[in-house]
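Working notes for the structure below.
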Amino acid sequence: MEPEPISGIVKNYKVECKPHELEGYEERLKVVIVSEKRFSSLMSSLSEMEENLLKLKELDLDRTLLNIENVRKKVEMNLKELFYSEYIED
């Protein structure tokens, strides 16, 4: 016996999802109805996020973070030396 389609009314339109469209998903699948515009916007955002992640991978952030930490240490040492020299002069 074939399962019944999932259907409902959204903004006065009947929306129906046929069981064969859900094949390959888990049994406890939750069906959410969104507008085509919203779906398109979500997909566009996911695409943009993926592009940004690829760009971040290309930046070799480990080396950049190490360089930033080294600069921070140098600045810290210079400030300590400056403070120490001012203290001695007082």
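Order determines the names: the first chain of the structure tokens is A, the second B, and so forth; residues in each chain are numbered 1 upward, and ligands are numbered 1 upward as they are shown.
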
Write down as a PDB file with N, CA and C atoms, in the first residue's frame the residues of chain A whose backbone DSSP state falls under helix (DSSP H, G or I).
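As a result, selection_7.pdb now contains:
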ATOM      1  N   PRO A  19       4.932  10.943  -1.818  1.00  0.00           N
ATOM      2  CA  PRO A  19       5.876  10.083  -1.095  1.00  0.00           C
ATOM      3  C   PRO A  19       7.163   9.782  -1.872  1.00  0.00           C
ATOM      4  N   HIS A  20       7.069   9.590  -3.194  1.00  0.00           N
ATOM      5  CA  HIS A  20       8.287   9.270  -3.962  1.00  0.00           C
ATOM      6  C   HIS A  20       9.278  10.434  -3.960  1.00  0.00           C
ATOM      7  N   GLU A  21       8.814  11.644  -3.706  1.00  0.00           N
ATOM      8  CA  GLU A  21       9.706  12.800  -3.636  1.00  0.00           C
ATOM      9  C   GLU A  21      10.552  12.788  -2.361  1.00  0.00           C
ATOM     10  N   LEU A  22      10.139  11.976  -1.394  1.00  0.00           N
ATOM     11  CA  LEU A  22      10.828  11.926  -0.102  1.00  0.00           C
ATOM     12  C   LEU A  22      11.713  10.699   0.048  1.00  0.00           C
ATOM     13  N   GLU A  36       9.183  29.927  -2.916  1.00  0.00           N
ATOM     14  CA  GLU A  36      10.292  29.774  -3.852  1.00  0.00           C
ATOM     15  C   GLU A  36      11.311  30.894  -3.666  1.00  0.00           C
ATOM     16  N   LYS A  37      10.823  32.089  -3.392  1.00  0.00           N
ATOM     17  CA  LYS A  37      11.710  33.236  -3.173  1.00  0.00           C
ATOM     18  C   LYS A  37      12.586  32.999  -1.938  1.00  0.00           C
ATOM     19  N   ARG A  38      11.969  32.513  -0.860  1.00  0.00           N
ATOM     20  CA  ARG A  38      12.721  32.242   0.375  1.00  0.00           C
ATOM     21  C   ARG A  38      13.736  31.130   0.154  1.00  0.00           C
ATOM     22  N   PHE A  39      13.311  30.069  -0.547  1.00  0.00           N
ATOM     23  CA  PHE A  39      14.204  28.952  -0.827  1.00  0.00           C
ATOM     24  C   PHE A  39      15.398  29.426  -1.659  1.00  0.00           C
ATOM     25  N   SER A  40      15.122  30.230  -2.656  1.00  0.00           N
ATOM     26  CA  SER A  40      16.177  30.761  -3.509  1.00  0.00           C
ATOM     27  C   SER A  40      17.156  31.606  -2.694  1.00  0.00           C
ATOM     28  N   SER A  41      16.625  32.406  -1.804  1.00  0.00           N
ATOM     29  CA  SER A  41      17.454  33.244  -0.941  1.00  0.00           C
ATOM     30  C   SER A  41      18.338  32.391  -0.033  1.00  0.00           C
ATOM     31  N   LEU A  42      17.753  31.334   0.541  1.00  0.00           N
ATOM     32  CA  LEU A  42      18.529  30.435   1.405  1.00  0.00           C
ATOM     33  C   LEU A  42      19.645  29.744   0.627  1.00  0.00           C
ATOM     34  N   MET A  43      19.332  29.274  -0.570  1.00  0.00           N
ATOM     35  CA  MET A  43      20.334  28.597  -1.391  1.00  0.00           C
ATOM     36  C   MET A  43      21.445  29.553  -1.793  1.00  0.00           C
ATOM     37  N   SER A  44      21.084  30.783  -2.091  1.00  0.00           N
ATOM     38  CA  SER A  44      22.069  31.792  -2.443  1.00  0.00           C
ATOM     39  C   SER A  44      22.993  32.070  -1.257  1.00  0.00           C
ATOM     40  N   SER A  45      22.414  32.153  -0.075  1.00  0.00           N
ATOM     41  CA  SER A  45      23.214  32.385   1.135  1.00  0.00           C
ATOM     42  C   SER A  45      24.173  31.229   1.385  1.00  0.00           C
ATOM     43  N   LEU A  46      23.693  29.996   1.176  1.00  0.00           N
ATOM     44  CA  LEU A  46      24.567  28.833   1.361  1.00  0.00           C
ATOM     45  C   LEU A  46      25.714  28.848   0.362  1.00  0.00           C
ATOM     46  N   SER A  47      25.412  29.227  -0.855  1.00  0.00           N
ATOM     47  CA  SER A  47      26.441  29.316  -1.891  1.00  0.00           C
ATOM     48  C   SER A  47      27.498  30.348  -1.512  1.00  0.00           C
ATOM     49  N   GLU A  48      27.019  31.492  -1.059  1.00  0.00           N
ATOM     50  CA  GLU A  48      27.922  32.573  -0.662  1.00  0.00           C
ATOM     51  C   GLU A  48      28.789  32.127   0.524  1.00  0.00           C
ATOM     52  N   MET A  49      28.185  31.411   1.472  1.00  0.00           N
ATOM     53  CA  MET A  49      28.922  30.934   2.629  1.00  0.00           C
ATOM     54  C   MET A  49      30.011  29.949   2.205  1.00  0.00           C
ATOM     55  N   GLU A  50      29.672  29.068   1.270  1.00  0.00           N
ATOM     56  CA  GLU A  50      30.653  28.105   0.793  1.00  0.00           C
ATOM     57  C   GLU A  50      31.821  28.809   0.112  1.00  0.00           C
ATOM     58  N   GLU A  51      31.537  29.813  -0.708  1.00  0.00           N
ATOM     59  CA  GLU A  51      32.594  30.585  -1.369  1.00  0.00           C
ATOM     60  C   GLU A  51      33.493  31.262  -0.339  1.00  0.00           C
ATOM     61  N   ASN A  52      32.882  31.837   0.694  1.00  0.00           N
ATOM     62  CA  ASN A  52      33.664  32.506   1.741  1.00  0.00           C
ATOM     63  C   ASN A  52      34.545  31.519   2.502  1.00  0.00           C
ATOM     64  N   LEU A  53      34.030  30.327   2.760  1.00  0.00           N
ATOM     65  CA  LEU A  53      34.833  29.315   3.450  1.00  0.00           C
ATOM     66  C   LEU A  53      36.022  28.883   2.598  1.00  0.00           C
ATOM     67  N   LEU A  54      35.806  28.739   1.304  1.00  0.00           N
ATOM     68  CA  LEU A  54      36.910  28.380   0.408  1.00  0.00           C
ATOM     69  C   LEU A  54      37.974  29.475   0.393  1.00  0.00           C
ATOM     70  N   LYS A  55      37.541  30.725   0.390  1.00  0.00           N
ATOM     71  CA  LYS A  55      38.491  31.841   0.422  1.00  0.00           C
ATOM     72  C   LYS A  55      39.290  31.840   1.720  1.00  0.00           C
ATOM     73  N   LEU A  56      38.618  31.542   2.832  1.00  0.00           N
ATOM     74  CA  LEU A  56      39.311  31.481   4.125  1.00  0.00           C
ATOM     75  C   LEU A  56      40.360  30.367   4.133  1.00  0.00           C
ATOM     76  N   LYS A  57      40.029  29.219   3.541  1.00  0.00           N
ATOM     77  CA  LYS A  57      40.996  28.122   3.476  1.00  0.00           C
ATOM     78  C   LYS A  57      42.229  28.537   2.686  1.00  0.00           C
ATOM     79  N   GLU A  58      42.019  29.276   1.612  1.00  0.00           N
ATOM     80  CA  GLU A  58      43.119  29.712   0.754  1.00  0.00           C
ATOM     81  C   GLU A  58      44.030  30.724   1.446  1.00  0.00           C
ATOM     82  N   LEU A  61      45.360  30.754   7.195  1.00  0.00           N
ATOM     83  CA  LEU A  61      45.192  31.523   8.422  1.00  0.00           C
ATOM     84  C   LEU A  61      46.133  31.107   9.540  1.00  0.00           C
ATOM     85  N   ASP A  62      46.588  29.863   9.550  1.00  0.00           N
ATOM     86  CA  ASP A  62      47.513  29.436  10.601  1.00  0.00           C
ATOM     87  C   ASP A  62      48.775  30.296  10.578  1.00  0.00           C
ATOM     88  N   ARG A  63      49.310  30.496   9.408  1.00  0.00           N
ATOM     89  CA  ARG A  63      50.526  31.309   9.277  1.00  0.00           C
ATOM     90  C   ARG A  63      50.215  32.769   9.624  1.00  0.00           C
ATOM     91  N   THR A  64      49.069  33.262   9.173  1.00  0.00           N
ATOM     92  CA  THR A  64      48.681  34.646   9.464  1.00  0.00           C
ATOM     93  C   THR A  64      48.523  34.861  10.963  1.00  0.00           C
ATOM     94  N   LEU A  65      47.867  33.924  11.643  1.00  0.00           N
ATOM     95  CA  LEU A  65      47.684  34.043  13.087  1.00  0.00           C
ATOM     96  C   LEU A  65      49.019  33.997  13.816  1.00  0.00           C
ATOM     97  N   LEU A  66      49.926  33.169  13.364  1.00  0.00           N
ATOM     98  CA  LEU A  66      51.257  33.099  13.964  1.00  0.00           C
ATOM     99  C   LEU A  66      51.990  34.431  13.791  1.00  0.00           C
ATOM    100  N   ASN A  67      51.905  35.007  12.597  1.00  0.00           N
ATOM    101  CA  ASN A  67      52.539  36.301  12.354  1.00  0.00           C
ATOM    102  C   ASN A  67      51.932  37.393  13.233  1.00  0.00           C
ATOM    103  N   ILE A  68      50.622  37.396  13.379  1.00  0.00           N
ATOM    104  CA  ILE A  68      49.955  38.390  14.222  1.00  0.00           C
ATOM    105  C   ILE A  68      50.406  38.227  15.670  1.00  0.00           C
ATOM    106  N   GLU A  69      50.506  36.999  16.134  1.00  0.00           N
ATOM    107  CA  GLU A  69      50.951  36.739  17.512  1.00  0.00           C
ATOM    108  C   GLU A  69      52.383  37.220  17.713  1.00  0.00           C
ATOM    109  N   ASN A  70      53.243  37.000  16.725  1.00  0.00           N
ATOM    110  CA  ASN A  70      54.628  37.478  16.827  1.00  0.00           C
ATOM    111  C   ASN A  70      54.692  39.004  16.892  1.00  0.00           C
ATOM    112  N   VAL A  71      53.885  39.659  16.085  1.00  0.00           N
ATOM    113  CA  VAL A  71      53.846  41.129  16.114  1.00  0.00           C
ATOM    114  C   VAL A  71      53.336  41.614  17.464  1.00  0.00           C
ATOM    115  N   ARG A  72      52.305  40.944  17.978  1.00  0.00           N
ATOM    116  CA  ARG A  72      51.759  41.317  19.291  1.00  0.00           C
ATOM    117  C   ARG A  72      52.823  41.198  20.378  1.00  0.00           C
ATOM    118  N   LYS A  73      53.608  40.127  20.337  1.00  0.00           N
ATOM    119  CA  LYS A  73      54.676  39.935  21.324  1.00  0.00           C
ATOM    120  C   LYS A  73      55.725  41.038  21.213  1.00  0.00           C
ATOM    121  N   LYS A  74      56.093  41.398  19.975  1.00  0.00           N
ATOM    122  CA  LYS A  74      57.076  42.466  19.782  1.00  0.00           C
ATOM    123  C   LYS A  74      56.563  43.789  20.326  1.00  0.00           C
ATOM    124  N   VAL A  75      55.295  44.095  20.043  1.00  0.00           N
ATOM    125  CA  VAL A  75      54.697  45.337  20.549  1.00  0.00           C
ATOM    126  C   VAL A  75      54.668  45.309  22.074  1.00  0.00           C
ATOM    127  N   GLU A  76      54.307  44.187  22.630  1.00  0.00           N
ATOM    128  CA  GLU A  76      54.262  44.048  24.091  1.00  0.00           C
ATOM    129  C   GLU A  76      55.655  44.265  24.699  1.00  0.00           C
ATOM    130  N   MET A  77      56.660  43.653  24.092  1.00  0.00           N
ATOM    131  CA  MET A  77      58.034  43.827  24.587  1.00  0.00           C
ATOM    132  C   MET A  77      58.470  45.286  24.479  1.00  0.00           C
ATOM    133  N   ASN A  78      58.156  45.917  23.352  1.00  0.00           N
ATOM    134  CA  ASN A  78      58.534  47.323  23.177  1.00  0.00           C
ATOM    135  C   ASN A  78      57.838  48.213  24.201  1.00  0.00           C
ATOM    136  N   LEU A  79      56.581  47.944  24.479  1.00  0.00           N
ATOM    137  CA  LEU A  79      55.859  48.732  25.478  1.00  0.00           C
ATOM    138  C   LEU A  79      56.439  48.507  26.874  1.00  0.00           C
ATOM    139  N   LYS A  80      56.806  47.274  27.181  1.00  0.00           N
ATOM    140  CA  LYS A  80      57.412  46.986  28.481  1.00  0.00           C
ATOM    141  C   LYS A  80      58.748  47.709  28.616  1.00  0.00           C
ATOM    142  N   GLU A  81      59.548  47.649  27.542  1.00  0.00           N
ATOM    143  CA  GLU A  81      60.845  48.342  27.568  1.00  0.00           C
ATOM    144  C   GLU A  81      60.647  49.839  27.726  1.00  0.00           C
ATOM    145  N   LEU A  82      59.681  50.385  27.021  1.00  0.00           N
ATOM    146  CA  LEU A  82      59.394  51.810  27.110  1.00  0.00           C
ATOM    147  C   LEU A  82      58.968  52.166  28.535  1.00  0.00           C
ATOM    148  N   PHE A  83      58.073  51.380  29.101  1.00  0.00           N
ATOM    149  CA  PHE A  83      57.607  51.626  30.461  1.00  0.00           C
ATOM    150  C   PHE A  83      58.762  51.525  31.445  1.00  0.00           C
ATOM    151  N   TYR A  84      59.597  50.503  31.274  1.00  0.00           N
ATOM    152  CA  TYR A  84      60.722  50.282  32.170  1.00  0.00           C
ATOM    153  C   TYR A  84      61.715  51.451  32.083  1.00  0.00           C
ATOM    154  N   SER A  85      62.012  51.912  30.864  1.00  0.00           N
ATOM    155  CA  SER A  85      62.946  53.023  30.711  1.00  0.00           C
ATOM    156  C   SER A  85      62.385  54.303  31.317  1.00  0.00           C
ATOM    157  N   GLU A  86      61.076  54.520  31.201  1.00  0.00           N
ATOM    158  CA  GLU A  86      60.470  55.703  31.795  1.00  0.00           C
ATOM    159  C   GLU A  86      60.525  55.607  33.329  1.00  0.00           C
ATOM    160  N   TYR A  87      60.350  54.397  33.847  1.00  0.00           N
ATOM    161  CA  TYR A  87      60.380  54.184  35.283  1.00  0.00           C
ATOM    162  C   TYR A  87      61.778  54.464  35.832  1.00  0.00           C
ATOM    163  N   ILE A  88      62.791  54.016  35.099  1.00  0.00           N
ATOM    164  CA  ILE A  88      64.174  54.232  35.550  1.00  0.00           C
ATOM    165  C   ILE A  88      64.519  55.716  35.528  1.00  0.00           C
ATOM    166  N   GLU A  89      64.055  56.443  34.515  1.00  0.00           N
ATOM    167  CA  GLU A  89      64.364  57.858  34.393  1.00  0.00           C
ATOM    168  C   GLU A  89      63.693  58.697  35.463  1.00  0.00           C
TER     169      GLU A  89
END

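The strand (DSSP E) portion of chain A consists of A:Ile6, A:Ser7, A:Gly8, A:Ile9, A:Val10, A:Tyr13, A:Lys14, A:Val15, A:Glu16, A:Cys17, with states taken from DSSP on the backbone.
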
Take the residues that were just selected and, keeping all heavy atoms, output them as a compact mmCIF listing (two decimals), in the first residue's frame.
# COMPACT_ATOMS: atom_id res chain seq x y z
N ILE A 6 1.64 14.01 1.57
CA ILE A 6 1.57 15.03 2.62
C ILE A 6 0.99 16.27 1.96
O ILE A 6 1.50 16.73 0.94
CB ILE A 6 2.96 15.33 3.19
CG1 ILE A 6 3.55 14.07 3.82
CG2 ILE A 6 2.91 16.47 4.19
CD1 ILE A 6 5.01 14.18 4.16
N SER A 7 -0.08 16.78 2.50
CA SER A 7 -0.70 17.94 1.86
C SER A 7 -1.19 18.92 2.91
O SER A 7 -1.36 18.59 4.08
CB SER A 7 -1.85 17.52 0.95
OG SER A 7 -2.87 16.92 1.71
N GLY A 8 -1.40 20.14 2.47
CA GLY A 8 -1.92 21.17 3.36
C GLY A 8 -2.28 22.41 2.56
O GLY A 8 -2.06 22.47 1.35
N ILE A 9 -2.85 23.38 3.24
CA ILE A 9 -3.24 24.63 2.60
C ILE A 9 -2.32 25.74 3.11
O ILE A 9 -2.15 25.92 4.31
CB ILE A 9 -4.70 25.00 2.93
CG1 ILE A 9 -5.65 23.85 2.53
CG2 ILE A 9 -5.10 26.32 2.28
CD1 ILE A 9 -5.74 23.61 1.05
N VAL A 10 -1.69 26.43 2.18
CA VAL A 10 -0.81 27.55 2.52
C VAL A 10 -1.27 28.75 1.73
O VAL A 10 -1.26 28.74 0.50
CB VAL A 10 0.67 27.23 2.19
CG1 VAL A 10 1.55 28.41 2.52
CG2 VAL A 10 1.13 25.98 2.94
N TYR A 13 -3.66 28.08 -1.02
CA TYR A 13 -3.22 27.18 -2.09
C TYR A 13 -3.00 25.80 -1.49
O TYR A 13 -2.43 25.67 -0.40
CB TYR A 13 -1.90 27.66 -2.72
CG TYR A 13 -2.04 28.91 -3.53
CD1 TYR A 13 -1.72 30.15 -2.98
CD2 TYR A 13 -2.49 28.87 -4.84
CE1 TYR A 13 -1.84 31.31 -3.73
CE2 TYR A 13 -2.61 30.02 -5.59
CZ TYR A 13 -2.28 31.24 -5.03
OH TYR A 13 -2.40 32.38 -5.77
N LYS A 14 -3.42 24.78 -2.22
CA LYS A 14 -3.17 23.42 -1.76
C LYS A 14 -1.73 23.05 -2.14
O LYS A 14 -1.33 23.19 -3.29
CB LYS A 14 -4.14 22.43 -2.39
CG LYS A 14 -3.93 21.03 -1.87
CD LYS A 14 -4.95 20.06 -2.39
CE LYS A 14 -4.66 18.70 -1.78
NZ LYS A 14 -5.55 17.68 -2.25
N VAL A 15 -1.00 22.58 -1.15
CA VAL A 15 0.39 22.17 -1.36
C VAL A 15 0.46 20.67 -1.07
O VAL A 15 -0.08 20.21 -0.08
CB VAL A 15 1.33 22.94 -0.41
CG1 VAL A 15 2.76 22.49 -0.60
CG2 VAL A 15 1.20 24.43 -0.61
N GLU A 16 1.12 19.94 -1.97
CA GLU A 16 1.16 18.50 -1.81
C GLU A 16 2.57 17.98 -2.10
O GLU A 16 3.23 18.42 -3.04
CB GLU A 16 0.17 17.86 -2.78
CG GLU A 16 -0.01 16.38 -2.57
CD GLU A 16 -1.15 15.84 -3.42
OE1 GLU A 16 -2.31 16.00 -3.01
OE2 GLU A 16 -0.84 15.30 -4.49
N CYS A 17 3.01 17.08 -1.24
CA CYS A 17 4.32 16.46 -1.41
C CYS A 17 4.09 14.96 -1.56
O CYS A 17 3.56 14.31 -0.67
CB CYS A 17 5.18 16.76 -0.18
SG CYS A 17 6.84 16.12 -0.31
